[in-house]
Amino acid sequence: LMQLSIPLNFIGFIYREIRQGLTDIEQMFALLEVEEEVKDRPGAVALKVTDGAIRFENVRFNYDPAREILKGISFEVPPGKSVAIVGPSGAGKSTISRLLFRFYDLTSGRITIDGQDISEVTQASVRAAIGIVPQDTVLFNDTIAYNVRYGRMDATDADVRRAAELAQVAGFIDVLPEGFDTMVGERGLKLSGGEKQRVAIARTILKAPPILILDEATSALDTHTEQEIQSALDLVSQERTTLTIAHRLSTIINADEIIVLKAGTIVERGTHKSLLDADGLYAEMWRMQREATEAEETLRRAREAD
Ligand code: ATP
């Protein structure tokens, strides 16, 4: 059985990778279309961020009226705390982050930041308050320095360097022939997924938003890179209200609250420990992920031994 289960896991892994690539393209088109759909109310004022408290109140949402995606979601992220959303593929996790960024309006319910309904304030002010470290960062065809500085255009060179150091990407940049002036993007140097993500983290460190959305990469990074990225993320989310859309459960063990979403409904919530004790869906996902990780490691060891 062990012999069979490794290839099956591996096929599942490849399938997820391909599917993710398609989803990202879909999302990109969705974003392009939708930005025009959501309009500011006449006379909308700017959001005033005081503490950075997020509240979802009985949020219902669909992309297409024939299929409801979020079926009455309520939760809070208190100022400076971290909440992670987990659940099976298609549960609606990324949709939650898109709604907080106000890419779409709700069917019913409310999302508030510091008590202000985000549909009643300007979109620009909502987006200015939120930093996103996305699954897959698209870099501009420009220098690395520009790509980091994009977080805050008036940042000095020293600020840019400091942000890159905190995001653990400065060491990589320094050994490039032109350092921070190296051109990246489609026509320049191609960076790996992990390197791009750390550039995005550096950008977010510069922006220093009161609210952070981490939309975690599904793509497999090697353990060392994953640890580096995780410590950079831990640093940037300290003292900030953080909503993490998590695919790897190992990264959210310390979240203040974990929300388990299934088919648009919250089915469990609690800390890592209380959810393991409850022995429900989260505990099952945790066991499955450990088995998958072990199988991948066995596979890697077998390959190395060849
Ligand atoms: P995953 O873990 O696979 O990333 P998820 O829980 O983040 O999944 P969402 O991306 O929020 O899931 O998607 C929830 C559902 O909404 C899915 O069934 C998806 O097909 C659908 N959906 C997502 N984006 C759109 C869109 N732009 N238009 C129509 N349906 C969409």
# chains A, B, ... in the order shown; residues from 1 in each chain; ligands from 1
>>> residues_near_ligand(ligand="ligand 1", cutoff="7 Å", atoms="only C-alpha atoms and all ligand atoms", output="list in words")
Glu26, Gln27, Ala30, Tyr63, Asp64, Ile69, Gly87, Pro88, Ser89, Gly90, Ala91, Gly92, Lys93, Ser94, Thr95, Ile96 and His247 of chain A
>>> select_by_dssp(residues="stretch 7-192 of chain A", states="helix (DSSP H, G or I)", output="CSV table (one decimal) with C-alpha atoms, in the first residue's frame")
chain,number,residue,atom,x,y,z
A,7,PRO,CA,2.8,8.0,-6.5
A,8,LEU,CA,-0.9,8.8,-5.8
A,9,ASN,CA,0.2,11.6,-3.5
A,10,PHE,CA,2.6,12.8,-6.1
A,11,ILE,CA,0.0,12.9,-8.8
A,12,GLY,CA,-2.2,14.9,-6.5
A,13,PHE,CA,0.7,17.3,-5.9
A,14,ILE,CA,1.2,17.8,-9.6
A,15,TYR,CA,-2.5,18.3,-10.2
A,16,ARG,CA,-2.7,20.9,-7.5
A,17,GLU,CA,0.2,22.8,-9.0
A,18,ILE,CA,-1.4,22.9,-12.5
A,19,ARG,CA,-4.8,23.8,-11.1
A,20,GLN,CA,-3.2,26.7,-9.1
A,21,GLY,CA,-1.6,28.1,-12.2
A,22,LEU,CA,-5.1,28.2,-13.9
A,23,THR,CA,-6.7,29.8,-10.9
A,24,ASP,CA,-4.2,32.6,-10.8
A,25,ILE,CA,-4.9,33.5,-14.5
A,26,GLU,CA,-8.6,33.4,-13.7
A,27,GLN,CA,-8.1,35.6,-10.7
A,28,MET,CA,-6.2,38.1,-12.7
A,29,PHE,CA,-9.0,38.4,-15.2
A,30,ALA,CA,-11.5,38.6,-12.4
A,31,LEU,CA,-9.6,41.5,-10.9
A,32,LEU,CA,-9.4,43.4,-14.1
A,33,GLU,CA,-13.1,43.1,-14.7
A,34,VAL,CA,-14.2,43.7,-11.2
A,35,GLU,CA,-12.2,46.8,-10.4
A,36,GLU,CA,-14.7,48.8,-12.4
A,37,GLU,CA,-17.7,47.1,-10.9
A,93,LYS,CA,-11.0,31.2,1.7
A,94,SER,CA,-9.5,33.5,-0.9
A,95,THR,CA,-12.9,35.1,-1.5
A,96,ILE,CA,-12.8,36.3,2.1
A,97,SER,CA,-9.5,38.2,1.4
A,98,ARG,CA,-10.9,39.6,-1.9
A,99,LEU,CA,-14.0,40.9,-0.1
A,100,LEU,CA,-11.9,42.6,2.7
A,123,GLN,CA,-12.0,52.0,-1.9
A,124,ALA,CA,-8.7,53.8,-2.2
A,125,SER,CA,-8.6,54.4,1.6
A,126,VAL,CA,-9.5,50.8,2.3
A,127,ARG,CA,-6.7,49.5,0.0
A,128,ALA,CA,-4.2,51.9,1.5
A,129,ALA,CA,-4.8,50.5,5.0
A,144,ILE,CA,14.7,45.3,-7.7
A,145,ALA,CA,15.0,48.7,-5.8
A,146,TYR,CA,11.9,50.0,-7.7
A,147,ASN,CA,10.0,46.8,-6.9
A,148,VAL,CA,10.6,47.2,-3.2
A,149,ARG,CA,10.1,51.0,-3.2
A,157,ASP,CA,17.7,54.0,-0.4
A,158,ALA,CA,18.5,53.2,3.2
A,159,ASP,CA,14.8,52.4,3.9
A,160,VAL,CA,14.7,50.1,0.9
A,161,ARG,CA,17.8,48.2,2.0
A,162,ARG,CA,16.5,47.9,5.5
A,163,ALA,CA,13.2,46.5,4.3
A,164,ALA,CA,15.0,44.0,2.1
A,165,GLU,CA,17.2,42.9,5.0
A,166,LEU,CA,14.1,42.4,7.2
A,170,ALA,CA,19.1,41.5,0.9
A,171,GLY,CA,21.7,38.7,0.9
A,172,PHE,CA,20.4,37.4,-2.4
A,173,ILE,CA,20.3,40.9,-4.0
A,174,ASP,CA,23.9,41.8,-2.9
A,179,GLY,CA,22.8,44.7,-6.8
A,180,PHE,CA,19.6,46.7,-6.2
A,181,ASP,CA,19.8,48.1,-9.7
>>> closest_residue(among="A:Phe61, A:Leu47, A:Ala66, A:Phe75", to="A:Gly115", atoms="only C-alpha atoms")
A:Leu47
>>> atom_distance(atom1="atom CA of A:Asp142", atom2="atom CA of A:Ala208")
22.1 Å
>>> closest_residue(among="A:Pro210, A:Gly80, A:Pro177, A:Gly188", to="A:Gln238", atoms="only C-alpha atoms")
A:Gly80
>>> atom_distance(atom1="atom CA of A:Asp105", atom2="atom CA of A:Thr204")
25.2 Å
>>> atom_distance(atom1="atom CA of A:Pro79", atom2="atom CA of A:Ile211")
8.8 Å
>>> select_by_dssp(residues="stretch 98-296 of chain A", states="strand (DSSP E)", output="ChimeraX atom specification")
/A:108-113,116-117,130-133,211-215,241-245,257-262,265-270
>>> residues_around(residues="A:Gln116", least_positions_apart="5", cutoff="12 Å", atoms="only C-alpha atoms", output="list in words")
Ala44, Val45, Ala46, Leu47, Lys48, Val49, Thr50, Asp51, Gly52, Ala53, Ile54, Arg55, Phe56, Arg110, Ile111, Val121, Thr122, Ser125 and Val126 of chain A
>>> write_last_selection(atoms="C-alpha atoms", output="PDB file, in the first residue's frame")
ATOM      1  CA  ALA A  44     -17.838  58.621   0.361  1.00  0.00           C
ATOM      2  CA  VAL A  45     -15.216  59.715   2.862  1.00  0.00           C
ATOM      3  CA  ALA A  46     -11.873  58.104   3.660  1.00  0.00           C
ATOM      4  CA  LEU A  47     -11.604  55.238   6.152  1.00  0.00           C
ATOM      5  CA  LYS A  48     -10.113  56.373   9.455  1.00  0.00           C
ATOM      6  CA  VAL A  49      -7.935  53.625  10.840  1.00  0.00           C
ATOM      7  CA  THR A  50      -7.500  53.777  14.600  1.00  0.00           C
ATOM      8  CA  ASP A  51      -6.660  50.243  15.805  1.00  0.00           C
ATOM      9  CA  GLY A  52      -7.103  48.080  12.715  1.00  0.00           C
ATOM     10  CA  ALA A  53      -9.978  45.914  13.986  1.00  0.00           C
ATOM     11  CA  ILE A  54     -11.671  43.770  11.320  1.00  0.00           C
ATOM     12  CA  ARG A  55     -15.206  42.428  11.612  1.00  0.00           C
ATOM     13  CA  PHE A  56     -17.214  40.222   9.260  1.00  0.00           C
ATOM     14  CA  ARG A 110     -21.231  43.889   6.605  1.00  0.00           C
ATOM     15  CA  ILE A 111     -17.481  44.077   6.734  1.00  0.00           C
ATOM     16  CA  VAL A 121     -15.811  54.647   2.613  1.00  0.00           C
ATOM     17  CA  THR A 122     -13.552  55.131  -0.397  1.00  0.00           C
ATOM     18  CA  SER A 125      -8.574  54.392   1.594  1.00  0.00           C
ATOM     19  CA  VAL A 126      -9.479  50.759   2.329  1.00  0.00           C
TER      20      VAL A 126
END
>>> closest_residue(among="A:Glu257, A:Ile130, A:Glu226, A:Thr182", to="A:Ile205", atoms="only C-alpha atoms")
A:Ile130
>>> residues_around(residues="A:Thr137", least_positions_apart="5", cutoff="9 Å", atoms="only C-alpha atoms", output="ChimeraX atom specification")
/A:193,196-197,199-200
>>> write_last_selection(atoms="N, CA and C atoms", output="compact mmCIF listing (two decimals), in the first residue's frame")
# COMPACT_ATOMS: atom_id res chain seq x y z
N GLY A 193 10.04 31.63 -7.13
CA GLY A 193 8.82 31.95 -6.38
C GLY A 193 9.13 32.51 -4.99
N LYS A 196 10.65 36.07 -5.22
CA LYS A 196 9.60 37.06 -5.53
C LYS A 196 8.76 37.35 -4.29
N GLN A 197 8.46 36.28 -3.56
CA GLN A 197 7.63 36.48 -2.39
C GLN A 197 8.34 37.35 -1.35
N VAL A 199 10.52 39.66 -2.04
CA VAL A 199 10.46 41.05 -2.54
C VAL A 199 9.11 41.66 -2.15
N ALA A 200 8.04 40.85 -2.29
CA ALA A 200 6.70 41.34 -1.90
C ALA A 200 6.64 41.64 -0.40
>>> closest_residue(among="A:Leu106, A:Met285, A:Val236, A:Ala278", to="A:Leu212", atoms="only C-alpha atoms")
A:Val236
>>> residues_around(residues="A:Leu70", least_positions_apart="4", cutoff="8 Å", atoms="only C-alpha atoms", output="PyMOL selection string")
chain A and resi 59-62+92+263-265
>>> write_last_selection(atoms="C-alpha atoms", output="mmCIF file, in the first residue's frame")
data_model
loop_
_atom_site.group_PDB
_atom_site.id
_atom_site.type_symbol
_atom_site.label_atom_id
_atom_site.label_comp_id
_atom_site.auth_asym_id
_atom_site.auth_seq_id
_atom_site.Cartn_x
_atom_site.Cartn_y
_atom_site.Cartn_z
ATOM 1 C CA VAL A 59 -21.405 38.019 5.233
ATOM 2 C CA ARG A 60 -23.122 36.446 2.257
ATOM 3 C CA PHE A 61 -21.635 36.522 -1.193
ATOM 4 C CA ASN A 62 -21.808 34.935 -4.646
ATOM 5 C CA GLY A 92 -14.183 30.325 -0.147
ATOM 6 C CA ALA A 263 -18.363 25.063 1.401
ATOM 7 C CA GLY A 264 -18.855 28.671 2.505
ATOM 8 C CA THR A 265 -19.712 27.936 6.145
#
>>> residues_around(residues="A:Val86", least_positions_apart="2", cutoff="7 Å", atoms="only C-alpha atoms", output="mmCIF file with N, CA and C atoms, in the first residue's frame")
data_model
loop_
_atom_site.group_PDB
_atom_site.id
_atom_site.type_symbol
_atom_site.label_atom_id
_atom_site.label_comp_id
_atom_site.auth_asym_id
_atom_site.auth_seq_id
_atom_site.Cartn_x
_atom_site.Cartn_y
_atom_site.Cartn_z
ATOM 1 N N ALA A 84 -6.354 32.875 11.091
ATOM 2 C CA ALA A 84 -6.053 32.102 9.885
ATOM 3 C C ALA A 84 -7.323 31.415 9.398
ATOM 4 N N LYS A 93 -11.995 30.557 0.889
ATOM 5 C CA LYS A 93 -10.959 31.236 1.682
ATOM 6 C C LYS A 93 -10.446 32.499 0.992
ATOM 7 N N ILE A 245 -4.632 33.446 4.753
ATOM 8 C CA ILE A 245 -5.333 32.414 4.008
ATOM 9 C C ILE A 245 -4.329 31.282 3.874
ATOM 10 N N ALA A 246 -4.549 30.213 4.623
ATOM 11 C CA ALA A 246 -3.490 29.224 4.770
ATOM 12 C C ALA A 246 -3.762 27.945 3.993
ATOM 13 N N HIS A 247 -2.739 27.457 3.347
ATOM 14 C CA HIS A 247 -2.831 26.151 2.714
ATOM 15 C C HIS A 247 -1.994 25.135 3.463
ATOM 16 N N ILE A 259 -9.945 29.567 11.762
ATOM 17 C CA ILE A 259 -11.327 29.380 11.325
ATOM 18 C C ILE A 259 -11.337 28.331 10.225
ATOM 19 N N VAL A 260 -12.143 27.310 10.415
ATOM 20 C CA VAL A 260 -12.200 26.241 9.424
ATOM 21 C C VAL A 260 -13.459 26.434 8.581
ATOM 22 N N LEU A 261 -13.213 26.647 7.297
ATOM 23 C CA LEU A 261 -14.293 26.959 6.370
ATOM 24 C C LEU A 261 -14.539 25.746 5.486
#
